[in-house]
>>> print(open('data_32.cif').read())   # mmCIF, C-alpha atoms
data_coords
loop_
_atom_site.label_atom_id
_atom_site.label_comp_id
_atom_site.auth_asym_id
_atom_site.auth_seq_id
_atom_site.Cartn_x
_atom_site.Cartn_y
_atom_site.Cartn_z
CA MET A 1196 116.99 106.51 113.81
CA THR A 1197 117.17 102.76 113.15
CA ALA A 1198 118.98 101.45 110.09
CA SER A 1199 117.07 99.92 107.18
CA PRO A 1200 116.05 96.25 107.63
CA LEU A 1201 118.80 95.22 105.20
CA ARG A 1202 121.52 96.99 107.15
CA TYR A 1203 120.04 95.91 110.47
CA PHE A 1204 120.13 92.19 109.64
CA VAL A 1205 123.68 92.49 108.32
CA GLY A 1206 124.60 94.18 111.59
CA VAL A 1207 123.06 91.63 113.96
CA SER A 1208 124.68 88.63 112.22
CA LEU A 1209 121.92 86.19 111.32
CA HIS A 1210 124.37 83.34 110.66
CA PRO A 1211 126.78 81.78 113.14
CA THR A 1212 130.45 82.32 112.32
CA HIS A 1213 131.12 78.57 112.20
CA GLY A 1214 128.23 78.14 109.73
CA LEU A 1215 129.73 80.70 107.38
CA ALA A 1216 133.14 79.07 107.79
CA VAL A 1217 131.68 75.70 106.76
CA LEU A 1218 129.99 77.36 103.77
CA ALA A 1219 133.30 78.94 102.75
CA GLY A 1220 135.04 75.57 103.03
CA VAL A 1221 132.37 73.74 101.01
CA THR A 1222 132.41 76.51 98.41
CA ALA A 1223 136.19 76.18 98.09
CA VAL A 1224 135.88 72.41 97.64
CA GLY A 1225 133.10 72.98 95.10
CA LEU A 1226 135.19 75.48 93.15
CA TRP A 1227 138.13 73.12 93.10
CA THR A 1228 135.89 70.26 91.95
CA VAL A 1229 134.21 72.14 89.09
CA SER A 1230 137.47 73.72 87.97
CA LEU A 1231 138.80 70.20 87.39
CA SER A 1232 135.58 68.85 85.93
CA PRO A 1233 132.56 71.09 85.24
CA SER A 1234 130.38 68.00 84.90
CA GLU A 1235 130.72 67.61 88.68
CA LEU A 1236 128.68 70.79 89.20
CA ASP A 1237 125.74 68.87 90.63
CA SER A 1238 127.94 67.19 93.26
CA ALA A 1239 129.22 70.60 94.33
CA LEU A 1240 125.70 72.04 94.38
CA GLY A 1241 124.48 69.07 96.41
CA MET A 1242 127.03 69.80 99.13
CA LEU A 1243 126.13 73.49 99.10
CA LEU A 1244 122.41 72.73 99.31
CA PHE A 1245 123.04 70.57 102.35
CA VAL A 1246 124.82 73.48 104.07
CA GLN A 1247 122.05 75.84 102.92
CA MET A 1248 119.49 73.66 104.73
CA PHE A 1249 121.15 74.71 107.99
CA LEU A 1250 122.19 78.25 107.08
CA ALA A 1251 118.81 79.36 105.76
CA SER A 1252 116.98 78.25 108.89
CA THR A 1253 117.96 81.32 110.88
CA GLY A 1254 114.93 81.18 113.20
CA PHE A 1255 113.23 84.56 113.04
CA LEU A 1256 110.83 84.21 115.95
CA THR A 1257 113.27 82.78 118.49
CA ARG A 1258 115.58 85.76 118.16
CA ALA A 1259 112.70 88.20 117.91
CA ARG A 1260 111.35 86.88 121.22
CA ARG A 1261 114.73 87.47 122.81
CA GLY A 1262 114.23 91.10 121.87
CA HIS A 1263 117.10 91.18 119.35
CA PHE A 1264 114.87 92.61 116.63
CA ASP A 1265 112.93 95.08 118.82
CA PRO A 1266 114.50 98.20 117.26
CA ILE A 1267 113.63 97.19 113.71
CA LEU A 1268 110.19 95.79 114.61
CA THR A 1269 109.22 99.02 116.38
CA SER A 1270 110.56 101.19 113.56
CA SER A 1271 108.40 102.67 110.83
CA PHE A 1272 109.15 99.73 108.49
CA SER A 1273 106.26 97.31 108.04
CA ARG A 1274 106.56 93.91 109.70
CA MET A 1275 106.08 92.21 106.32
CA ARG A 1276 109.00 94.13 104.84
CA VAL A 1277 111.19 93.27 107.82
CA VAL A 1278 110.36 89.57 107.51
CA VAL A 1279 110.96 89.48 103.74
CA VAL A 1280 114.35 91.15 104.19
CA HIS A 1281 115.13 88.68 106.98
CA TRP A 1282 114.47 85.83 104.54
CA LEU A 1283 116.62 87.46 101.87
CA MET A 1284 119.53 87.94 104.24
CA SER A 1285 119.12 84.42 105.61
CA VAL A 1286 119.39 82.74 102.22
CA LEU A 1287 121.85 85.12 100.59
CA PRO A 1288 125.19 83.50 101.58
CA GLY A 1289 124.12 80.05 100.35
CA VAL A 1290 122.59 81.43 97.15
CA LEU A 1291 125.74 83.45 96.43
CA ALA A 1292 127.92 80.39 96.99
CA CYS A 1293 125.78 78.34 94.58
CA ALA A 1294 125.91 81.16 92.02
CA VAL A 1295 129.71 81.47 92.24
CA VAL A 1296 130.31 77.72 91.90
CA SER A 1297 127.83 77.49 88.99
CA ALA A 1298 129.42 80.47 87.24
CA VAL A 1299 132.88 78.95 87.52
CA ALA A 1300 131.59 75.59 86.25
CA TRP A 1301 129.94 77.26 83.26
CA GLY A 1302 133.06 79.34 82.61
CA VAL A 1303 135.39 76.33 82.68
CA ASP A 1304 132.93 74.33 80.56
CA TRP A 1305 132.79 77.13 78.00
CA LEU A 1306 136.57 77.53 77.87
CA ASP A 1307 136.98 73.78 77.42
CA GLY A 1308 134.35 73.80 74.69
CA GLY A 1309 132.80 70.93 76.64
CA GLY A 1310 129.56 69.07 76.22
CA GLY A 1311 127.51 71.74 77.90
CA PHE A 1312 126.60 69.63 80.90
CA ALA A 1313 127.16 72.52 83.28
CA THR A 1314 124.97 74.83 81.25
CA ALA A 1315 122.15 72.31 80.87
CA VAL A 1316 119.05 72.15 83.08
CA VAL A 1317 119.69 75.52 84.71
CA GLY A 1318 116.03 75.75 85.68
CA ARG A 1319 116.07 72.59 87.79
CA ARG A 1320 119.22 73.62 89.64
CA LEU A 1321 117.79 77.06 90.32
CA LEU A 1322 114.60 75.48 91.58
CA ALA A 1323 116.53 73.16 93.91
CA VAL A 1324 118.30 76.17 95.46
CA ALA A 1325 115.00 78.07 95.69
CA ILE A 1326 113.15 75.16 97.34
CA VAL A 1327 115.86 74.63 99.96
CA SER A 1328 116.02 78.39 100.65
CA ALA A 1329 112.25 78.69 100.99
CA VAL A 1330 111.51 75.52 102.95
CA ALA A 1331 114.44 75.72 105.39
CA TRP A 1332 113.65 79.33 106.34
CA SER A 1333 109.88 78.79 106.54
CA ALA A 1334 110.11 75.57 108.55
CA GLY A 1335 112.62 77.21 110.87
CA PHE A 1336 110.66 80.43 111.35
CA ALA A 1337 109.62 79.57 114.89
CA LEU A 1338 112.51 77.25 115.73
CA ALA A 1339 116.01 77.81 117.05
CA ARG A 1340 118.74 78.71 114.57
CA GLY A 1341 119.70 75.71 112.43
CA ALA A 1342 117.00 73.48 113.96
CA ALA A 1343 114.97 73.15 110.75
CA GLY A 1344 118.11 72.12 108.87
CA ALA A 1345 118.92 69.51 111.51
CA LEU A 1346 115.38 68.07 111.46
CA TRP A 1347 115.23 68.06 107.67
CA SER A 1348 118.58 66.36 107.23
CA ALA A 1349 117.69 63.82 109.96
CA ALA A 1350 114.48 62.98 108.09
CA LEU A 1351 116.42 62.54 104.84
CA VAL A 1352 119.00 60.30 106.53
CA ALA A 1353 116.17 58.22 108.04
CA LEU A 1354 114.61 57.81 104.59
CA LEU A 1355 118.00 56.87 103.17
CA LEU A 1356 118.58 54.25 105.86
CA ARG A 1357 115.12 52.77 105.29
CA ARG A 1358 115.94 52.70 101.54
CA SER A 1359 112.58 54.32 100.91
CA ASP A 1360 111.58 54.71 97.30
CA LEU A 1361 110.50 58.34 97.30
CA LEU A 1362 109.19 58.29 93.76
CA GLY A 1363 107.53 54.86 93.73
CA SER A 1364 106.08 53.44 90.55
CA SER A 1365 105.73 55.89 87.66
CA ALA A 1366 103.36 53.73 85.68
CA ALA A 1367 99.98 55.45 85.54
CA THR A 1368 96.96 53.47 84.47
CA ASP A 1369 94.40 56.28 84.42
CA ALA A 1370 94.05 60.02 84.98
CA ALA A 1371 93.52 59.65 88.74
CA SER A 1372 96.63 57.58 89.26
CA SER A 1373 98.56 59.95 86.99
CA ALA A 1374 97.56 62.90 89.24
CA ALA A 1375 98.47 60.89 92.34
CA ILE A 1376 101.91 60.16 90.89
CA THR A 1377 102.43 63.83 90.03
CA ILE A 1378 101.53 64.86 93.59
CA ARG A 1379 103.75 62.14 95.06
CA HIS A 1380 106.68 63.22 92.91
CA ALA A 1381 106.10 66.88 93.79
CA ALA A 1382 106.10 65.96 97.49
CA ALA A 1383 109.30 63.97 96.96
CA VAL A 1384 110.98 66.95 95.26
CA LEU A 1385 109.79 69.28 98.00
CA GLY A 1386 111.13 67.00 100.72
CA CYS A 1387 114.30 66.07 98.84
CA PRO A 1388 115.26 68.81 96.35
CA PHE A 1389 118.47 66.87 95.66
CA LEU A 1390 116.34 64.84 93.24
CA LEU A 1391 116.58 67.83 90.90
CA LEU A 1392 120.36 67.46 90.65
CA GLY A 1393 122.49 64.93 88.82
CA THR A 1394 121.16 62.25 86.55
CA HIS A 1395 117.55 63.06 86.25
CA ALA A 1396 115.14 61.08 88.30
CA PRO A 1397 112.10 59.99 86.26
CA LEU A 1398 109.77 62.69 87.53
CA ALA A 1399 106.16 62.91 86.38
CA PRO A 1400 105.35 65.86 84.10
CA GLY A 1401 104.27 68.87 86.12
CA SER A 1402 105.62 67.57 89.42
CA VAL A 1403 108.64 69.89 89.40
CA THR A 1404 106.43 72.93 88.75
CA LEU A 1405 104.02 71.77 91.46
CA ALA A 1406 106.87 71.39 93.96
CA GLY A 1407 108.13 74.89 93.15
CA CYS A 1408 104.63 76.32 93.58
CA ALA A 1409 104.20 74.51 96.91
CA ALA A 1410 107.50 75.95 98.19
CA ALA A 1411 106.44 79.43 97.07
CA VAL A 1412 103.05 79.07 98.77
CA LEU A 1413 104.75 77.94 101.99
CA LEU A 1414 107.07 80.94 101.94
CA LEU A 1415 104.27 83.40 101.15
CA SER A 1416 102.12 81.93 103.93
CA VAL A 1417 104.84 82.52 106.50
CA TRP A 1418 105.40 86.07 105.20
CA ARG A 1419 101.67 86.76 105.49
CA ALA A 1420 101.34 85.18 108.93
CA ALA A 1421 104.39 86.92 110.39
CA PRO A 1422 102.75 90.32 111.03
CA ARG A 1423 100.10 88.59 113.17
CA VAL A 1424 102.61 86.78 115.36
CA ASP A 1425 103.13 88.09 118.89
CA VAL A 1426 106.70 89.05 119.69
CA TYR A 1427 106.48 88.81 123.46
CA LEU A 1428 109.66 88.45 125.44
CA ARG A 1429 110.42 84.83 126.17
CA GLY A 1430 109.60 84.15 129.81
CA ALA A 1431 108.13 87.61 130.37
CA ALA A 1432 104.61 88.18 131.61
CA MET B 383 99.42 118.47 124.63
CA SER B 384 97.95 115.99 122.13
CA THR B 385 97.37 112.33 122.87
CA ARG B 386 100.32 110.20 121.80
CA LEU B 387 99.12 106.79 122.96
CA GLU B 388 95.68 105.49 123.79
CA LEU B 389 95.02 101.96 124.97
CA ALA B 390 91.30 101.23 125.18
CA SER B 391 90.06 98.12 127.03
CA VAL B 392 93.15 96.14 126.04
CA SER B 393 93.09 92.48 127.03
CA LYS B 394 95.71 89.80 126.53
CA THR B 395 95.86 86.14 127.45
CA LEU B 396 99.11 84.20 127.29
CA GLY B 397 98.46 80.46 127.45
CA ALA B 398 95.83 80.00 130.17
CA HIS B 399 96.84 83.17 132.00
CA ARG B 400 94.90 86.38 131.46
CA VAL B 401 97.72 88.88 131.72
CA LEU B 402 95.76 92.04 130.94
CA ASN B 403 92.05 92.54 131.47
CA LYS B 404 90.48 95.56 129.79
CA VAL B 405 93.31 97.94 130.52
CA SER B 406 92.86 101.53 129.40
CA LEU B 407 95.55 104.16 129.38
CA ARG B 408 95.96 107.50 127.65
CA VAL B 409 99.28 109.33 127.49
CA SER B 410 99.78 112.83 126.12
CA GLY B 411 102.90 114.62 124.98
CA GLY B 412 104.94 115.99 127.88
CA GLU B 413 103.53 113.38 130.22
CA ALA B 414 105.55 110.68 131.96
CA VAL B 415 103.50 107.77 133.21
CA GLY B 416 105.04 105.45 135.77
CA LEU B 417 103.89 101.87 135.39
CA ILE B 418 104.20 99.92 138.60
CA GLY B 419 103.10 96.48 139.72
CA SER B 420 104.47 93.29 141.18
CA ASN B 421 106.44 90.75 139.13
CA GLY B 422 104.22 89.08 136.55
CA ALA B 423 101.61 91.84 136.72
CA GLY B 424 101.83 92.37 132.95
CA LYS B 425 103.95 95.53 132.73
CA THR B 426 106.24 94.14 130.02
CA THR B 427 103.30 92.79 128.04
CA LEU B 428 101.53 96.14 128.27
CA LEU B 429 104.62 97.99 127.03
CA ARG B 430 105.12 95.53 124.17
CA ILE B 431 101.48 95.94 123.17
CA ALA B 432 101.98 99.71 123.22
CA ALA B 433 105.10 99.25 121.08
CA GLY B 434 103.17 97.15 118.54
CA LEU B 435 105.19 94.01 119.20
CA VAL B 436 102.30 92.08 120.72
CA ARG B 437 98.73 92.21 119.45
CA PRO B 438 95.98 92.54 122.04
CA ASP B 439 93.22 89.91 122.06
CA GLY B 440 90.68 92.65 122.67
CA GLY B 441 90.55 96.42 122.75
CA SER B 442 92.52 98.84 120.64
CA VAL B 443 95.83 100.67 120.52
CA ARG B 444 95.90 104.11 118.92
CA TYR B 445 98.71 106.55 118.40
CA GLY B 446 98.61 110.29 117.90
CA ALA B 447 100.14 109.98 114.45
CA ALA B 448 99.66 107.45 111.68
CA ARG B 449 103.34 106.56 111.87
CA PRO B 450 104.49 107.63 115.32
CA ALA B 451 108.17 108.09 116.03
CA LEU B 452 108.37 105.46 118.74
CA ARG B 453 111.30 104.14 120.72
CA TYR B 454 111.17 101.12 122.98
CA PHE B 455 113.80 99.52 125.16
CA GLY B 456 113.08 96.20 126.87
CA GLY B 457 116.28 96.00 128.91
CA GLU B 458 119.86 94.84 128.47
CA MET B 459 118.89 91.19 127.94
CA THR B 460 117.24 92.18 124.65
CA LEU B 461 120.58 93.25 123.15
CA PRO B 462 122.26 90.63 120.92
CA ALA B 463 125.25 89.42 122.96
CA GLU B 464 127.41 88.40 119.99
CA VAL B 465 127.29 91.79 118.26
CA ARG B 466 130.11 94.28 118.91
CA VAL B 467 129.14 97.53 120.64
CA ARG B 468 130.60 99.62 117.84
CA ARG B 469 128.61 97.76 115.20
CA TRP B 470 125.40 97.93 117.24
CA ALA B 471 125.75 101.69 117.70
CA ALA B 472 126.37 102.14 113.98
CA LEU B 473 122.95 100.58 113.28
CA PHE B 474 121.43 103.58 115.06
CA GLY B 475 123.68 106.07 113.31
CA ARG B 476 125.81 106.57 116.44
CA HIS B 477 129.45 106.08 117.23
CA MET B 478 130.68 104.17 120.26
CA ASP B 479 134.37 103.45 120.35
CA ASP B 480 134.16 100.02 121.95
CA ARG B 481 135.20 96.91 120.05
CA ARG B 482 133.96 94.45 122.67
CA ARG B 483 130.97 92.24 122.10
CA ILE B 484 127.84 93.31 123.98
CA GLY B 485 127.88 90.01 125.88
CA GLU B 486 131.35 90.81 127.24
CA LEU B 487 130.11 93.94 129.03
CA SER B 488 128.83 94.01 132.59
CA ARG B 489 125.07 94.06 133.03
CA GLY B 490 125.07 97.75 133.93
CA ASN B 491 127.20 98.68 130.94
CA ARG B 492 124.95 96.67 128.61
CA GLN B 493 121.99 98.58 130.00
CA LEU B 494 123.82 101.87 129.45
CA VAL B 495 124.67 100.96 125.85
CA GLY B 496 121.01 100.22 125.12
CA LEU B 497 119.76 103.34 126.89
CA ARG B 498 122.29 105.68 125.29
CA LEU B 499 121.11 104.64 121.85
CA VAL B 500 117.41 104.75 122.69
CA LEU B 501 117.77 108.12 124.39
CA ALA B 502 120.02 109.64 121.74
CA ASP B 503 118.77 112.93 120.35
CA GLY B 504 115.99 112.81 117.85
CA ASP B 505 112.38 113.63 117.19
CA VAL B 506 110.37 111.14 119.25
CA ASP B 507 106.63 111.05 119.94
CA LEU B 508 106.56 108.18 122.37
CA LEU B 509 109.21 106.59 124.55
CA LEU B 510 108.52 103.21 126.17
CA LEU B 511 111.02 101.92 128.71
CA ASP B 512 110.92 98.68 130.65
CA GLU B 513 112.87 98.76 133.94
CA PRO B 514 115.40 101.29 132.64
CA TRP B 515 117.23 101.81 135.95
CA GLU B 516 117.99 98.11 136.42
CA GLY B 517 121.70 97.43 136.85
CA LEU B 518 122.75 101.09 136.77
CA ASP B 519 125.09 102.58 139.36
CA PRO B 520 124.17 105.89 141.06
CA ALA B 521 125.91 107.96 138.37
CA GLY B 522 124.15 106.05 135.62
CA SER B 523 120.82 106.37 137.42
CA ASP B 524 121.27 110.13 137.75
CA TRP B 525 122.17 110.41 134.08
CA LEU B 526 119.08 108.43 133.09
CA THR B 527 116.75 110.39 135.36
CA ASP B 528 118.09 113.67 134.01
CA ARG B 529 117.80 112.46 130.44
CA LEU B 530 114.18 111.29 130.88
CA ARG B 531 113.23 114.56 132.52
CA ARG B 532 114.62 116.41 129.52
CA TRP B 533 112.71 114.20 127.08
CA ARG B 534 109.51 114.86 128.99
CA GLU B 535 110.15 118.60 129.02
CA GLN B 536 110.69 118.52 125.25
CA GLY B 537 107.12 117.22 124.88
CA THR B 538 107.74 113.51 124.39
CA ALA B 539 105.25 111.10 125.97
CA LEU B 540 106.92 108.60 128.28
CA VAL B 541 105.69 105.32 129.73
CA VAL B 542 108.22 103.84 132.13
CA SER B 543 107.86 100.67 134.14
CA SER B 544 110.02 100.16 137.18
CA HIS B 545 110.12 98.85 140.72
CA ARG B 546 112.36 101.77 141.73
CA LEU B 547 109.73 104.08 143.05
CA HIS B 548 112.08 106.87 144.12
CA ASP B 549 113.53 107.06 140.59
CA LEU B 550 110.10 106.98 139.00
CA ASP B 551 108.97 109.68 141.38
CA CYS B 552 111.68 112.01 140.04
CA ILE B 553 110.35 112.00 136.49
CA CYS B 554 106.75 110.83 136.38
CA THR B 555 103.77 113.13 136.25
CA ARG B 556 101.38 110.33 137.18
CA PHE B 557 101.30 106.64 137.97
CA VAL B 558 99.23 103.61 137.19
CA MET B 559 99.41 100.28 138.93
CA LEU B 560 98.82 96.94 137.30
CA GLN B 561 97.17 94.43 139.57
CA ARG B 562 95.66 91.12 138.49
CA GLY B 563 95.60 92.35 134.91
CA ARG B 564 93.81 95.56 135.80
CA CYS B 565 95.22 99.04 135.50
CA ASP B 566 94.42 101.23 138.49
CA PRO B 567 95.26 104.91 138.32
CA ILE B 568 96.81 106.07 141.55
CA VAL B 569 94.82 109.15 142.46
CA GLU B 570 96.35 112.21 144.01
CA ASP B 571 95.75 112.78 147.71
CA ARG B 572 97.35 114.75 150.51
CA ARG B 573 100.02 112.26 151.54
CA PRO B 574 103.49 112.57 150.05
CA ARG B 575 103.47 110.88 146.68
CA LEU B 576 106.36 108.50 147.24
CA GLN B 577 104.84 107.21 150.46
CA ARG B 578 101.52 106.72 148.72
CA LEU B 579 103.19 104.87 145.87
CA ALA B 580 105.01 102.61 148.25
CA GLN B 581 101.80 101.83 150.09
CA ALA B 582 100.10 100.97 146.82
CA PHE B 583 103.02 98.69 146.09
CA GLY B 584 102.88 97.20 149.57
CA ARG B 585 106.26 98.24 150.97
CA ARG B 586 108.20 101.05 152.62
CA PRO B 587 109.42 103.85 150.33
CA TRP B 588 113.12 103.24 151.03
CA PRO B 589 114.78 99.91 151.59
#
>>> encode(input="data_32.cif", output="C-alpha cells")
Amino acid sequence: MTASPLRYFVGVSLHPTHGLAVLAGVTAVGLWTVSLSPSELDSALGMLLFVQMFLASTGFLTRARRGHFDPILTSSFSRMRVVVVHWLMSVLPGVLACAVVSAVAWGVDWLDGGGGFATAVVGRRLLAVAIVSAVAWSAGFALARGAAGALWSAALVALLLRRSDLLGSSAATDAASSAAITIRHAAAVLGCPFLLLGTHAPLAPGSVTLAGCAAAVLLLSVWRAAPRVDVYLRGAA
Amino acid sequence: MSTRLELASVSKTLGAHRVLNKVSLRVSGGEAVGLIGSNGAGKTTLLRIAAGLVRPDGGSVRYGAARPALRYFGGEMTLPAEVRVRRWAALFGRHMDDRRRIGELSRGNRQLVGLRLVLADGDVDLLLLDEPWEGLDPAGSDWLTDRLRRWREQGTALVVSSHRLHDLDCICTRFVMLQRGRCDPIVEDRRPRLQRLAQAFGRRPWP
C-alpha cells in the first residue's frame, strides 16, 4: 500500500522550503559567476557546499521519532534500504546544484577554449561534495533538521576566528611524522572539505584518499547502525 | 485461524524505567485484542515493538508470515503537519481532494485522514492501532467501529489500544491490561464485560 521509499521521501518533504529557496538563489549566483568566468567555479562550489552542509543534515531520527516515517518503516522495505534512500534524497538537491554549476562552467570554458581550469581536478571537487554530503547527513542523523550544518559551520567559523593552522607544518623528518602529517591533513580535509577547492593547499600524499575513506566509513557506520535504532515516539511510554 | 503475532516474554527499558516486563501476547487472524492500561503503562511501546519500530531488550516478536502485511497507526500527531492531505494520500495510492496542509486540519480531521488511509481496502495480516478513537466525533467513532469490525470479520488480526472502553467493547474479542509493565489477560466471568473492564481499569463504565 505504501509508496516506495524514494517516492515517500519526496512526498514528505525532507528539506524546508526556505532551504531550497536559498539553494536556488546560491545556484543562480553560481551560474551567473561561472558564466562570466569559469575559473570562478571553486568560489561557486564553495558557496554551494556551505548550503549543502545545512541541507544534507535532514535529521532522520528526529522525524522518525515524531512518527512521520512510520508508514515506510513498517512497510515491507528493509530499514537499511529506507535509510539509504533517505540519505540519497537528503543530499540530492545540493549535489544536483553542484553538478549543474560545474557543467555550465565546463561548457563555458570549452566554448571559450580556455585554460581548462574548470575541467581540472574534477576528482577533488567531487570528493569535497561527497564529504560534505556524507558527514552532514551522518552527523545530523540523530539531530534536528539543519542542526549538524549549524554546528559544523560554527566550528569552522571558530577555527577561522582563532586563525588556526589546520594543516600545520608539512615537513616530515621520518616515517612516523610523515604518517602523523597525513592523518592530520586527512582530518583537516574531513573537517573542512573547502580545502579541496581553489588553489591547492599543500596536502600530504594520501591524505585526500584517507579523508574520503573516513567519510565513507562514517556514512556506512550510520547506515549499518540505523536498523538497530529504536524508533519510539518522542515523549511516549 | 493462524497466529499472526506472537510476543514472547518481551521486555523493554527506556532510560531507567522498565516499561515492559516479560510481556507475552498471541493474536490470531480474526481476533481483535483490546489493549488497556493507564497512561504510561507501555501500550504505545508495546504496539511499536509489535510493529517492528522498537526492538525489545529481551524476548521475541514473531509474525505469522516472513513478511507480514502490517499496518500501524500511532495517532494524528504522527502525521507530518507540513504535507498537504492530497499529497499524503497519494503516497498510499489513494485520492483525497483536499489541498490543505495536514497541520491546518482540526485534530479530529487529522485523525480521520490517518485512519482512512490505514483502513483503506487491502490485504492485511495485522492491524495495530494506538488510540484510534481519540478526537473523533460520534459519526467518526461509529465509522471507525464499523470499519474495524469488518476488518476483524475478514480475518485480519487487530490489536487496538484505547481508554474508550465502550468503543473497544464493540469490536474486541478479548482484552489484556498492561499494569506496571506486565500484561494481564482479563479473564471471562459472569459479570457484563464492560463493567468488568471498567473495574479492571478502576473506574465506572460510563462517564
>>> residues_around(input="data_32.cif", residues="segment 531-544 of chain B", least_positions_apart="5", cutoff="7 Å", atoms="all atoms listed in the file", output="short mmCIF file (atom, residue, chain, number, x, y, z; two decimals) with C-alpha atoms, in the frame of the given file")
data_model
loop_
_atom_site.label_atom_id
_atom_site.label_comp_id
_atom_site.auth_asym_id
_atom_site.auth_seq_id
_atom_site.Cartn_x
_atom_site.Cartn_y
_atom_site.Cartn_z
CA ARG B 386 100.32 110.20 121.80
CA VAL B 409 99.28 109.33 127.49
CA SER B 410 99.78 112.83 126.12
CA GLY B 411 102.90 114.62 124.98
CA GLY B 412 104.94 115.99 127.88
CA GLU B 413 103.53 113.38 130.22
CA ALA B 414 105.55 110.68 131.96
CA VAL B 415 103.50 107.77 133.21
CA GLY B 416 105.04 105.45 135.77
CA LEU B 417 103.89 101.87 135.39
CA ILE B 418 104.20 99.92 138.60
CA LYS B 425 103.95 95.53 132.73
CA VAL B 506 110.37 111.14 119.25
CA ASP B 507 106.63 111.05 119.94
CA LEU B 508 106.56 108.18 122.37
CA LEU B 509 109.21 106.59 124.55
CA LEU B 510 108.52 103.21 126.17
CA LEU B 511 111.02 101.92 128.71
CA ASP B 512 110.92 98.68 130.65
CA GLU B 513 112.87 98.76 133.94
CA ILE B 553 110.35 112.00 136.49
#
>>> residues_near_point(input="data_32.cif", point="(100.3, 106.9, 120.9)", cutoff="6 Å", atoms="all atoms listed in the file", output="mmCIF file with C-alpha atoms, keeping the file's coordinate frame")
data_model
loop_
_atom_site.group_PDB
_atom_site.id
_atom_site.type_symbol
_atom_site.label_atom_id
_atom_site.label_comp_id
_atom_site.auth_asym_id
_atom_site.auth_seq_id
_atom_site.Cartn_x
_atom_site.Cartn_y
_atom_site.Cartn_z
ATOM 1 C CA ARG B 386 100.320 110.200 121.800
ATOM 2 C CA LEU B 387 99.120 106.790 122.960
ATOM 3 C CA GLU B 388 95.680 105.490 123.790
ATOM 4 C CA ARG B 444 95.900 104.110 118.920
ATOM 5 C CA TYR B 445 98.710 106.550 118.400
ATOM 6 C CA GLY B 446 98.610 110.290 117.900
#
>>> resolve_selection(input="data_32.cif", expression="the PyMOL selection byres ((chain B) within 8 of (chain A))", output="PyMOL selection string")
chain B and resi 401+422-427+430+433-437+449-456+459-462+465+469-470+473-475+504
>>> resolve_selection(input="data_32.cif", expression="the PyMOL selection byres ((chain A and resi 1345) around 12)", output="list in words")
Phe1245, Val1246, Gln1247, Met1248, Phe1249, Leu1250, Ala1251, Ser1252, Thr1253, Ala1331, Ala1334, Gly1335, Leu1338, Ala1339, Arg1340, Gly1341, Ala1342, Ala1343, Gly1344, Leu1346, Trp1347, Ser1348, Ala1349, Ala1350, Leu1351 and Val1352 of chain A
>>> atom_distance(input="data_32.cif", atom1="atom CA of Lys404 of chain B", atom2="atom CA of Met559 of chain B")
13.6 Å
>>> residues_around(input="data_32.cif", residues="Ala1298 of chain A", least_positions_apart="5", cutoff="12 Å", atoms="all atoms listed in the file", output="count of residues only")
16
>>> atom_distance(input="data_32.cif", atom1="atom CA of Gly397 of chain B", atom2="atom CA of Pro438 of chain B")
13.5 Å
>>> closest_atom_pairs(input="data_32.cif", of="segment 1208-1299 of chain A", to="segment 1390-1397 of chain A", cutoff="12 Å", atoms="all atoms listed in the file", output="JSON lines")
{"residue": "A:Ser1234", "atom": "CA", "partner": "A:Gly1393", "partner_atom": "CA", "distance": 9.3}
{"residue": "A:Glu1235", "atom": "CA", "partner": "A:Gly1393", "partner_atom": "CA", "distance": 8.7}
{"residue": "A:Leu1236", "atom": "CA", "partner": "A:Gly1393", "partner_atom": "CA", "distance": 8.5}
{"residue": "A:Asp1237", "atom": "CA", "partner": "A:Gly1393", "partner_atom": "CA", "distance": 5.4}
{"residue": "A:Ser1238", "atom": "CA", "partner": "A:Gly1393", "partner_atom": "CA", "distance": 7.4}
{"residue": "A:Ala1239", "atom": "CA", "partner": "A:Leu1392", "partner_atom": "CA", "distance": 10.1}
{"residue": "A:Leu1240", "atom": "CA", "partner": "A:Leu1392", "partner_atom": "CA", "distance": 8.0}
{"residue": "A:Gly1241", "atom": "CA", "partner": "A:Leu1392", "partner_atom": "CA", "distance": 7.3}
{"residue": "A:Met1242", "atom": "CA", "partner": "A:Leu1392", "partner_atom": "CA", "distance": 11.0}
{"residue": "A:Leu1243", "atom": "CA", "partner": "A:Leu1392", "partner_atom": "CA", "distance": 11.9}
{"residue": "A:Leu1244", "atom": "CA", "partner": "A:Leu1392", "partner_atom": "CA", "distance": 10.3}
>>> residues_near_point(input="data_32.cif", point="(111.2, 82.1, 116.1)", cutoff="6 Å", atoms="all atoms listed in the file", output="list in words")
Gly1254, Phe1255, Leu1256, Thr1257, Phe1336, Ala1337 and Leu1338 of chain A
>>> build_atoms(input="data_32.cif", residues="segment 1256-1262 of chain A", atoms="N, CA and C atoms", output="PDB file, keeping the file's coordinate frame")
ATOM      1  N   LEU A1256     111.642  83.934 114.756  1.00  0.00           N
ATOM      2  CA  LEU A1256     110.830  84.210 115.950  1.00  0.00           C
ATOM      3  C   LEU A1256     111.617  84.023 117.252  1.00  0.00           C
ATOM      4  N   THR A1257     112.499  83.037 117.264  1.00  0.00           N
ATOM      5  CA  THR A1257     113.270  82.780 118.490  1.00  0.00           C
ATOM      6  C   THR A1257     114.094  84.003 118.857  1.00  0.00           C
ATOM      7  N   ARG A1258     114.761  84.571 117.871  1.00  0.00           N
ATOM      8  CA  ARG A1258     115.580  85.760 118.160  1.00  0.00           C
ATOM      9  C   ARG A1258     114.713  86.982 118.406  1.00  0.00           C
ATOM     10  N   ALA A1259     113.601  87.052 117.688  1.00  0.00           N
ATOM     11  CA  ALA A1259     112.700  88.200 117.910  1.00  0.00           C
ATOM     12  C   ALA A1259     112.183  88.181 119.342  1.00  0.00           C
ATOM     13  N   ARG A1260     111.892  86.976 119.859  1.00  0.00           N
ATOM     14  CA  ARG A1260     111.350  86.880 121.220  1.00  0.00           C
ATOM     15  C   ARG A1260     112.430  87.009 122.285  1.00  0.00           C
ATOM     16  N   ARG A1261     113.671  87.073 121.865  1.00  0.00           N
ATOM     17  CA  ARG A1261     114.730  87.470 122.810  1.00  0.00           C
ATOM     18  C   ARG A1261     114.891  88.985 122.811  1.00  0.00           C
ATOM     19  N   GLY A1262     114.181  89.644 121.925  1.00  0.00           N
ATOM     20  CA  GLY A1262     114.230  91.100 121.870  1.00  0.00           C
ATOM     21  C   GLY A1262     115.290  91.634 120.921  1.00  0.00           C
TER      22      GLY A1262
END
